[in-house]
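Scroll down for the structure; my scribbles are underneath it.
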Amino acid sequence: MENKRNLSAPADVDLIRTLSMGFGPSGCEDEIRVRIEDELRDLPIEMETDRMGNLIAKLSLCGEGEHPVRLMVSAHMDEVGFMVTDITEDGYLRFDTVGGIHESVLAGRKVTLGDEINRVRGVICSKAVHHKSKEERGKATPIDKLYIDIGASGREESEKYLSVGTFGTFDSEFVRFGQNERMVKSKALDDRMGCAAMIEVIRSLVGARPSVAAEIYFCFTVREEIGLSGAKTAAHAIAPDFALVLETTAVGDIADAKPAERVADVGRGGAVSLMDRSTVYDRPFVSFLLRVAKENGIAAQVKRYVSGGNDAGSIHKSGEGVRTAALSVPTRYLHSPACVASLDDYEAVRDLTEAVIRNFDILLSEESV
Amino acid sequence: MNLYTTIKSLCQVPAVSGREDAVRNVISEKIAPFVQEIRTDALGNLIAIKRGTREGERLLLCAHMDEIGFLVTVIEEDGRVRIAPVGGIRWTAVANSIVASEKGTLGVLVAEADAKPADYGAANFYVDLGVKSRREAERRVAIGDFLVCRPELVKLAGKRIAGRPLDDRVGCAVLLGIAEEMANAEFSGEIVYVFSVQEEVGCRGALPAAFALKPDFALCFDVTATGDVPGATAMACKLGDGAAVKIKDSSVICHTGVVDTLCRLAKEKGIAHQREILLRGGTDTSSMQLAGGGTRAGALSIPTRYIHSGTEMCDLGDVEACIKLGAAFVAFTLGK
């Protein structure tokens with residue numbers, strides 16, 4: 001297969017860290033978008049932010065006068081988080097989750113609340129264990145019995161820093177660990193790893209631009225976690241022929257999972273989806289992904305369990321229909337303050353994305369037969 | 001067109017949601033003599049167009065090609081195959097069925113011996129291919145292969161037929177029947193026959209098809225449940241009582257103009273019909289109605305017993321009524 005590149009470049013861990021540590025619950029993606037724009041600003045690529053807040057970077061790889069196909073590559077900028085719903089007389093905050101966070105990962109966690117300018121830190125609490133009834137002790141505390149403590153003395157002080165409707169995220173360190181520090185732990189790896197991979201792919205493509213009869217639309221989408229809504233409008237506007245969604249996927253390679261419950265394994269490469277709750281993926285495109293991986297020596301695995309959903313669910317049904325595939329970094333403990341992933345898998349997703357773009361003409365020529 | 005043979009030939013080709021290629025080829029061949037143009041869109045919807053002699057409105061007729069089934073997710077050490085459901089599987093109704101892959105590999109879909117019917121689900125079901133090891137299994141199926149309950153169709157008493165997947169090959173047969181009736185008819189505008197993909201996983205295929213075609217009217221043909229079996233939820237619809245004019249299901253409230261026109265035409269022409277309200281279940285009608293700027297959408301349903309089980313049952317009289325009433329609707333709507 002032509003258009004090979006040096007695929008052994010180490011992951012830009014600082015980039016993953018910078019993006020993951022950013023504040024970006026669904027609907028409040030501005031800080032993440034600015035950080036991404038900062039990374040792309042000096043590159044020869046057209047950038048545009050649409051009305052919803054999606055950042056779309058367009059890279060044309062075709063020659064003059066060619067009729068290109070459109071490939072949308074997307075990753076979402078937003079992360080799961082919180083919204084303040086009430087402030088109590090004592091200054092505690094009642095809250096709800098933005099996106100799906102299970103109650104069992106809430107109590108005792110540190111959070112950051114605020115907007116682009118003002119930030120306060122807090123802790124999610126429930127009543128002390130010795131005040132809980134026997135029945136309450138055995139269970140995860142439901143969200144209506146949890147509150148956030150920002151150390152304020154009363155409502156008046158809390159209202160100085162924030163108000164009902166203020167958003168928040170987990171407050172968590174970015175840590176490298178494991179053998180050769182090849183594992184990372186952070187909040188929001190879902191889907192800042194996808195965003196980072198896109199940035200690295202863009203850098204490499206503009207550095208050694210291949211000639212492919214395609215226009216690539218790199219979309220950094222908003223509001224995935226609350227119902228795939230950013231990707232819906234982005235795809236409608238772009239009207240792509242193909243879409244490749246870069247994501248994280250739950251794994252199941254954990255201690256208690258039965259073999260049949262293992263979605264994918266950390267360390268075994270990018271996970272290619274066949275079907276999930278939102279999408280049945282395009283078969284020829286999926287086969288192409290797996291073939292490109294094999295021919296370029298990039299680790300890839302098939303996601304084996306039908307679970308979850310992602311922006312593909314909006315994209316493939318948009319406009320007149322879009323042929324869609326998804327490629328994910330297998331990630332443990334998603335939607336928690338401590339997501340865990342392997343840099344090897346991140347690099348595999350990044351490299352496979354780039355290899356797919358560089359070899360896209362092959363898919364197109366096979367399709368036209 | 002012999003209705004029974006047509007339905008049988010459509011049922012014989014497996015086509016799980018997202019994998020409709022094989023049945024699309026069969027339908028494409030069958031409808032070709034009755035239309036001027038045939039194409040397939042990005043998601044795989046088959047779109048066949050019959051143009052009238054004068055300019056006019058566009059009427060979209062839709063039936064879905066896909067059926068419920070299973071996806072191979074894991075092959076275990078001893079050759080046992082674990083699966084995930086594609087579409088709304090009723091596990092108690094498919095237990096101990098023979099399943100077949102697209103390549104023709106057969107197996108038995110069974111529940112783990114200690115699973116209680118109330119707990120049936122993907123977690124405690126597996127496919128027994130009759131093999132002794134993973135290696136042997138991997139020669140027959142691969143992760144990502146799709147399986148269906150083995151197709152079969154038989155004639156019962158009178159006009160009753162039983163087998164699968166009547167949902168919705170019987171609707172596809174209705175579209176073919178209408179196409180045949182309209183082949184030499186005089187009308188204005190155009191009839192677009194859409195054989196849609198991925199209905200069973202959430203009415204996905206019809207949405208981009210209707211978006212692209214921007215029809216003035218849309219009429220969907222799908223199966224509907226009946227209230228005429230012991231223990232059924234109260235429902236006025238009966239097998240053999242004629243074409244069911246959909247008023248509503250859980251995904252759509254049909255356009256009153258379309259509903260009234262269908263009922264009036266049925267009365268005028270003496271076509272057996274009944275009014276249908278399906279409390280649980282959706283159809284492509286909803287996607288047609290909501291695509292783009294919206295469409296006046298309705299549906300004619302084929303009453304069907306035991307939907308989404310290993311064996312579904314229809315009455316050919318109802319299917320014939322749907323063809324007649326569907327064709328009458330086309331002639332009326334595009335005859336002006």
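Convention: chains lettered A, B, ... in structure tokens order; per-chain residue numbering from 1; ligands numbered from 1 as shown.
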
List the neighbours of Ile307 in chain B out to 9 Å using only C-alpha atoms; skip same-chain residues closer than 6 positions along the sequence, and give me the result as a CSV table (one decimal) with N, CA, C and O atoms, in the first residue's frame.
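Result went into selection10.csv, see below:
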```
chain,number,residue,atom,x,y,z
B,165,PRO,N,-39.0,-13.8,7.3
B,165,PRO,CA,-39.4,-12.6,8.0
B,165,PRO,C,-40.6,-11.9,7.3
B,165,PRO,O,-40.3,-11.1,6.4
B,166,LEU,N,-41.8,-12.1,7.7
B,166,LEU,CA,-42.9,-11.4,7.0
B,166,LEU,C,-42.8,-9.9,7.3
B,166,LEU,O,-43.2,-9.1,6.5
B,167,ASP,N,-42.2,-9.6,8.4
B,167,ASP,CA,-41.9,-8.2,8.8
B,167,ASP,C,-40.5,-7.8,8.2
B,167,ASP,O,-39.5,-8.2,8.7
B,223,VAL,N,-45.9,-4.2,8.8
B,223,VAL,CA,-46.8,-5.1,9.5
B,223,VAL,C,-47.2,-4.4,10.8
B,223,VAL,O,-46.6,-3.4,11.2
B,224,THR,N,-48.4,-4.8,11.3
B,224,THR,CA,-48.8,-4.3,12.6
B,224,THR,C,-49.3,-5.5,13.4
B,224,THR,O,-49.7,-6.5,12.9
B,225,ALA,N,-49.4,-5.3,14.7
B,225,ALA,CA,-49.8,-6.3,15.6
B,225,ALA,C,-51.4,-6.5,15.5
B,225,ALA,O,-52.0,-5.6,14.9
B,313,MET,N,-47.4,-14.7,11.2
B,313,MET,CA,-48.5,-15.1,10.4
B,313,MET,C,-49.3,-14.0,9.8
B,313,MET,O,-49.6,-13.0,10.5
```

As a compact mmCIF listing (two decimals) with C-alpha atoms, in the first residue's frame, please: the residues near Cys339 in chain A (cut-off 6 Å, only C-alpha atoms, same-chain neighbours under 3 positions excluded).
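Saved file out11.txt follows:
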```txt
# COMPACT_ATOMS: atom_id res chain seq x y z
CA LYS A 185 -5.11 8.54 33.81
CA SER A 186 -7.22 11.66 33.60
CA LYS A 187 -10.71 13.05 33.40
CA ARG A 332 -11.35 2.01 31.26
CA TYR A 333 -13.65 3.78 33.75
CA LEU A 334 -15.22 6.16 31.22
```

Next item on the list: Considering only C-alpha atoms, extract the chain A residues located within 12 Å of chain B and return them as a VMD selection string.
Entry: chain A and resid 236 239 to 243 257 to 264 272 to 287 301 to 307 313 to 324 367

Checklist line | Expected answer as a PyMOL selection string: strand (DSSP E) residues in range 66-252 of chain B | finding: chain B and resi 69-75+81-86+97-101+106-111+125-128+146-149+152-155+160-164+188-196+217-224+243-249+252

Next item on the list: For Glu116 in chain A, list every protein, DNA or RNA residue within 9 Å, evaluated using only C-alpha atoms, and leave out those in the same chain fewer than 5 positions away; present the list as number ranges by chain.
Entry: A: 23, 28, 30-31

Checklist line | Within 8 Å of Gly168 in chain A using only C-alpha atoms, minus same-chain residues under 5 positions, as a PyMOL selection string | finding: chain A and resi 23+25+81-84+111-114

Could you turn the residues from that selection into a file that holds N, CA, C and O atoms, as a compact mmCIF listing (two decimals), in the first residue's frame?
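Result written to again16.txt:
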```txt
# COMPACT_ATOMS: atom_id res chain seq x y z
N PHE A 23 -11.50 22.81 30.70
CA PHE A 23 -12.86 22.81 31.27
C PHE A 23 -13.85 22.80 30.11
O PHE A 23 -13.93 23.77 29.36
N PRO A 25 -17.54 20.96 29.97
CA PRO A 25 -18.78 20.16 29.98
C PRO A 25 -19.66 20.53 28.78
O PRO A 25 -19.52 21.64 28.25
N GLY A 81 -20.23 16.27 32.91
CA GLY A 81 -19.99 17.20 34.01
C GLY A 81 -21.22 17.39 34.88
O GLY A 81 -22.04 16.47 35.03
N PHE A 82 -21.34 18.58 35.40
CA PHE A 82 -22.40 18.87 36.38
C PHE A 82 -23.05 20.21 36.12
O PHE A 82 -22.46 21.08 35.47
N MET A 83 -24.24 20.40 36.64
CA MET A 83 -24.85 21.72 36.62
C MET A 83 -25.49 21.97 37.99
O MET A 83 -26.17 21.10 38.53
N VAL A 84 -25.25 23.18 38.51
CA VAL A 84 -25.83 23.55 39.80
C VAL A 84 -27.31 23.80 39.61
O VAL A 84 -27.71 24.57 38.72
N VAL A 111 -14.46 18.56 42.36
CA VAL A 111 -15.02 19.14 41.14
C VAL A 111 -14.55 20.59 40.97
O VAL A 111 -14.11 21.22 41.95
N THR A 112 -14.62 21.06 39.73
CA THR A 112 -14.37 22.47 39.43
C THR A 112 -15.66 23.04 38.88
O THR A 112 -16.27 22.43 38.00
N LEU A 113 -16.09 24.18 39.40
CA LEU A 113 -17.33 24.80 38.93
C LEU A 113 -17.01 26.19 38.41
O LEU A 113 -16.09 26.84 38.90
N GLY A 114 -17.78 26.64 37.43
CA GLY A 114 -17.58 28.01 36.97
C GLY A 114 -17.77 28.18 35.49
O GLY A 114 -18.50 27.42 34.85
```

Checklist line | Exercise: Thr6 in chain B partners within 10 Å, only C-alpha atoms, chain neighbours under 4 positions left out, as a VMD selection string | finding: chain B and resid 1 to 2 10 to 11 27 30 169 to 170 172 to 174 176 to 177

Same residues, all heavy atoms, output as a compact mmCIF listing (two decimals), in the first residue's frame:
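The resulting file, again_20.txt, is reproduced below:
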```txt
# COMPACT_ATOMS: atom_id res chain seq x y z
N MET B 1 -48.19 -11.30 -11.22
CA MET B 1 -47.36 -11.58 -10.06
C MET B 1 -48.10 -12.52 -9.11
O MET B 1 -49.19 -12.20 -8.66
CB MET B 1 -47.04 -10.26 -9.34
CG MET B 1 -46.16 -10.41 -8.14
SD MET B 1 -45.77 -8.78 -7.41
CE MET B 1 -46.69 -8.87 -5.87
N ASN B 2 -47.51 -13.68 -8.83
CA ASN B 2 -48.10 -14.56 -7.82
C ASN B 2 -47.62 -14.10 -6.44
O ASN B 2 -46.43 -14.10 -6.15
CB ASN B 2 -47.67 -16.01 -8.08
CG ASN B 2 -48.26 -16.95 -7.03
OD1 ASN B 2 -48.06 -16.75 -5.83
ND2 ASN B 2 -49.00 -17.93 -7.48
N LEU B 10 -38.86 -13.36 -1.46
CA LEU B 10 -38.27 -12.25 -0.69
C LEU B 10 -37.83 -12.72 0.70
O LEU B 10 -36.82 -12.27 1.24
CB LEU B 10 -39.27 -11.10 -0.55
CG LEU B 10 -39.66 -10.36 -1.84
CD1 LEU B 10 -40.70 -9.28 -1.54
CD2 LEU B 10 -38.44 -9.74 -2.50
N CYS B 11 -38.63 -13.62 1.29
CA CYS B 11 -38.31 -14.11 2.64
C CYS B 11 -37.04 -14.96 2.67
O CYS B 11 -36.35 -15.03 3.68
CB CYS B 11 -39.47 -14.93 3.21
SG CYS B 11 -40.86 -13.92 3.74
N ILE B 27 -35.00 -7.52 -5.03
CA ILE B 27 -36.09 -6.56 -5.24
C ILE B 27 -35.82 -5.72 -6.48
O ILE B 27 -36.71 -5.45 -7.29
CB ILE B 27 -36.27 -5.67 -3.99
CG1 ILE B 27 -36.76 -6.52 -2.82
CG2 ILE B 27 -37.25 -4.53 -4.27
CD1 ILE B 27 -36.78 -5.79 -1.48
N LYS B 30 -36.83 -7.47 -9.50
CA LYS B 30 -38.28 -7.64 -9.63
C LYS B 30 -38.99 -6.35 -10.02
O LYS B 30 -40.00 -6.37 -10.71
CB LYS B 30 -38.87 -8.17 -8.32
CG LYS B 30 -38.57 -9.64 -8.07
CD LYS B 30 -39.35 -10.12 -6.84
CE LYS B 30 -38.89 -11.49 -6.39
NZ LYS B 30 -39.24 -12.57 -7.34
N ARG B 169 -41.00 -8.16 4.59
CA ARG B 169 -40.94 -8.58 3.19
C ARG B 169 -42.33 -8.54 2.58
O ARG B 169 -42.50 -8.33 1.38
CB ARG B 169 -40.36 -9.98 3.06
CG ARG B 169 -38.98 -10.13 3.65
CD ARG B 169 -37.94 -9.23 2.98
NE ARG B 169 -36.85 -8.96 3.91
CZ ARG B 169 -35.95 -9.86 4.29
NH1 ARG B 169 -35.97 -11.07 3.79
NH2 ARG B 169 -35.01 -9.54 5.16
N VAL B 170 -43.35 -8.71 3.45
CA VAL B 170 -44.71 -8.68 2.95
C VAL B 170 -45.04 -7.24 2.50
O VAL B 170 -45.72 -7.03 1.48
CB VAL B 170 -45.67 -9.26 4.03
CG1 VAL B 170 -45.83 -8.32 5.19
CG2 VAL B 170 -47.00 -9.62 3.45
N CYS B 172 -42.72 -5.19 1.29
CA CYS B 172 -41.96 -5.07 0.03
C CYS B 172 -42.78 -5.68 -1.10
O CYS B 172 -42.84 -5.12 -2.21
CB CYS B 172 -40.62 -5.78 0.13
SG CYS B 172 -39.50 -5.03 1.33
N ALA B 173 -43.46 -6.81 -0.83
CA ALA B 173 -44.29 -7.46 -1.85
C ALA B 173 -45.46 -6.56 -2.24
O ALA B 173 -45.85 -6.50 -3.40
CB ALA B 173 -44.80 -8.80 -1.34
N VAL B 174 -46.02 -5.84 -1.25
CA VAL B 174 -47.12 -4.91 -1.54
C VAL B 174 -46.62 -3.82 -2.50
O VAL B 174 -47.28 -3.49 -3.49
CB VAL B 174 -47.68 -4.28 -0.25
CG1 VAL B 174 -48.65 -3.15 -0.57
CG2 VAL B 174 -48.38 -5.34 0.59
N LEU B 176 -44.20 -4.02 -4.64
CA LEU B 176 -44.03 -4.64 -5.96
C LEU B 176 -45.38 -4.80 -6.66
O LEU B 176 -45.51 -4.57 -7.87
CB LEU B 176 -43.32 -5.99 -5.84
CG LEU B 176 -41.84 -5.94 -5.44
CD1 LEU B 176 -41.33 -7.35 -5.14
CD2 LEU B 176 -40.99 -5.30 -6.53
N GLY B 177 -46.39 -5.17 -5.87
CA GLY B 177 -47.75 -5.33 -6.42
C GLY B 177 -48.29 -4.01 -6.94
O GLY B 177 -48.89 -3.94 -8.03
```

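Within range 72-179 of chain B, DSSP run on the backbone puts these residues in alpha helix (DSSP H): Trp91, Thr92, Ala93, Val94, Arg134, Arg135, Glu136, Ala137, Glu138, Leu166, Asp167, Asp168, Arg169, Val170, Gly171, Cys172, Ala173, Val174, Leu175, Leu176, Gly177, Ile178 and Ala179 of chain B.
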
C-alpha atoms of the current selection, written as a PDB file, in the first residue's frame:
```pdb
ATOM      1  CA  TRP B  91     -35.813 -13.687  23.525  1.00  0.00           C
ATOM      2  CA  THR B  92     -38.522 -16.094  24.685  1.00  0.00           C
ATOM      3  CA  ALA B  93     -39.893 -16.141  21.128  1.00  0.00           C
ATOM      4  CA  VAL B  94     -36.581 -16.939  19.424  1.00  0.00           C
ATOM      5  CA  ARG B 134     -12.937 -22.181  18.817  1.00  0.00           C
ATOM      6  CA  ARG B 135     -10.747 -23.089  15.849  1.00  0.00           C
ATOM      7  CA  GLU B 136     -13.567 -25.121  14.298  1.00  0.00           C
ATOM      8  CA  ALA B 137     -16.068 -22.325  14.987  1.00  0.00           C
ATOM      9  CA  GLU B 138     -13.812 -19.707  13.415  1.00  0.00           C
ATOM     10  CA  LEU B 166     -42.913 -11.427   7.020  1.00  0.00           C
ATOM     11  CA  ASP B 167     -41.894  -8.188   8.786  1.00  0.00           C
ATOM     12  CA  ASP B 168     -41.457  -6.501   6.332  1.00  0.00           C
ATOM     13  CA  ARG B 169     -40.945  -8.582   3.190  1.00  0.00           C
ATOM     14  CA  VAL B 170     -44.713  -8.676   2.948  1.00  0.00           C
ATOM     15  CA  GLY B 171     -44.631  -4.840   2.757  1.00  0.00           C
ATOM     16  CA  CYS B 172     -41.965  -5.072   0.033  1.00  0.00           C
ATOM     17  CA  ALA B 173     -44.286  -7.464  -1.850  1.00  0.00           C
ATOM     18  CA  VAL B 174     -47.115  -4.907  -1.542  1.00  0.00           C
ATOM     19  CA  LEU B 175     -44.872  -2.252  -3.123  1.00  0.00           C
ATOM     20  CA  LEU B 176     -44.027  -4.637  -5.963  1.00  0.00           C
ATOM     21  CA  GLY B 177     -47.747  -5.325  -6.416  1.00  0.00           C
ATOM     22  CA  ILE B 178     -48.557  -1.612  -6.611  1.00  0.00           C
ATOM     23  CA  ALA B 179     -45.660  -1.069  -9.029  1.00  0.00           C
TER      24      ALA B 179
END
```

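Residues with any atom within 12 Å of Ile161 in chain B, counting only C-alpha atoms and excluding same-chain neighbours fewer than 4 positions away, are Leu3, Tyr4, Thr5, Ile7, Lys8, Glu152, Leu153, Val154, Lys155, Leu156, Ala157, Pro165, Leu166, Val170, Leu239, Gly240, Pro303, Thr304, Arg305, Thr311, Glu312, Met313, Cys314, Asp315, Leu316, Gly317, Asp318 and Val319 of chain B.
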
Checklist line | Close residues, range 50-56 of chain B itself excluded, 7 Å, only C-alpha atoms, min 6 positions apart in chain, as JSON, numbers by chain | finding: {"B": [35, 36, 186, 187, 188, 189, 190, 191, 192]}

Notebook entry, point to check: Can you tell me how far CA of Tyr147 in chain A sits from CA of Arg94 in chain A, in Å to one decimal?
Noted result: 4.9 Å

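Put simply, CA of Thr40 in chain B is 9.0 Å away from CA of Arg24 in chain B.
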
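Remark: for Gly27 in chain A, the closest of the candidate residues A:Arg176, A:Lys58, A:Arg155, A:His76 is A:His76 (distances computed over only C-alpha atoms).
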
Next item on the list: One decimal, Å: what's the distance from CA of Asp311 in chain A over to CA of Leu228 in chain A, could you say?
Entry: 5.2 Å
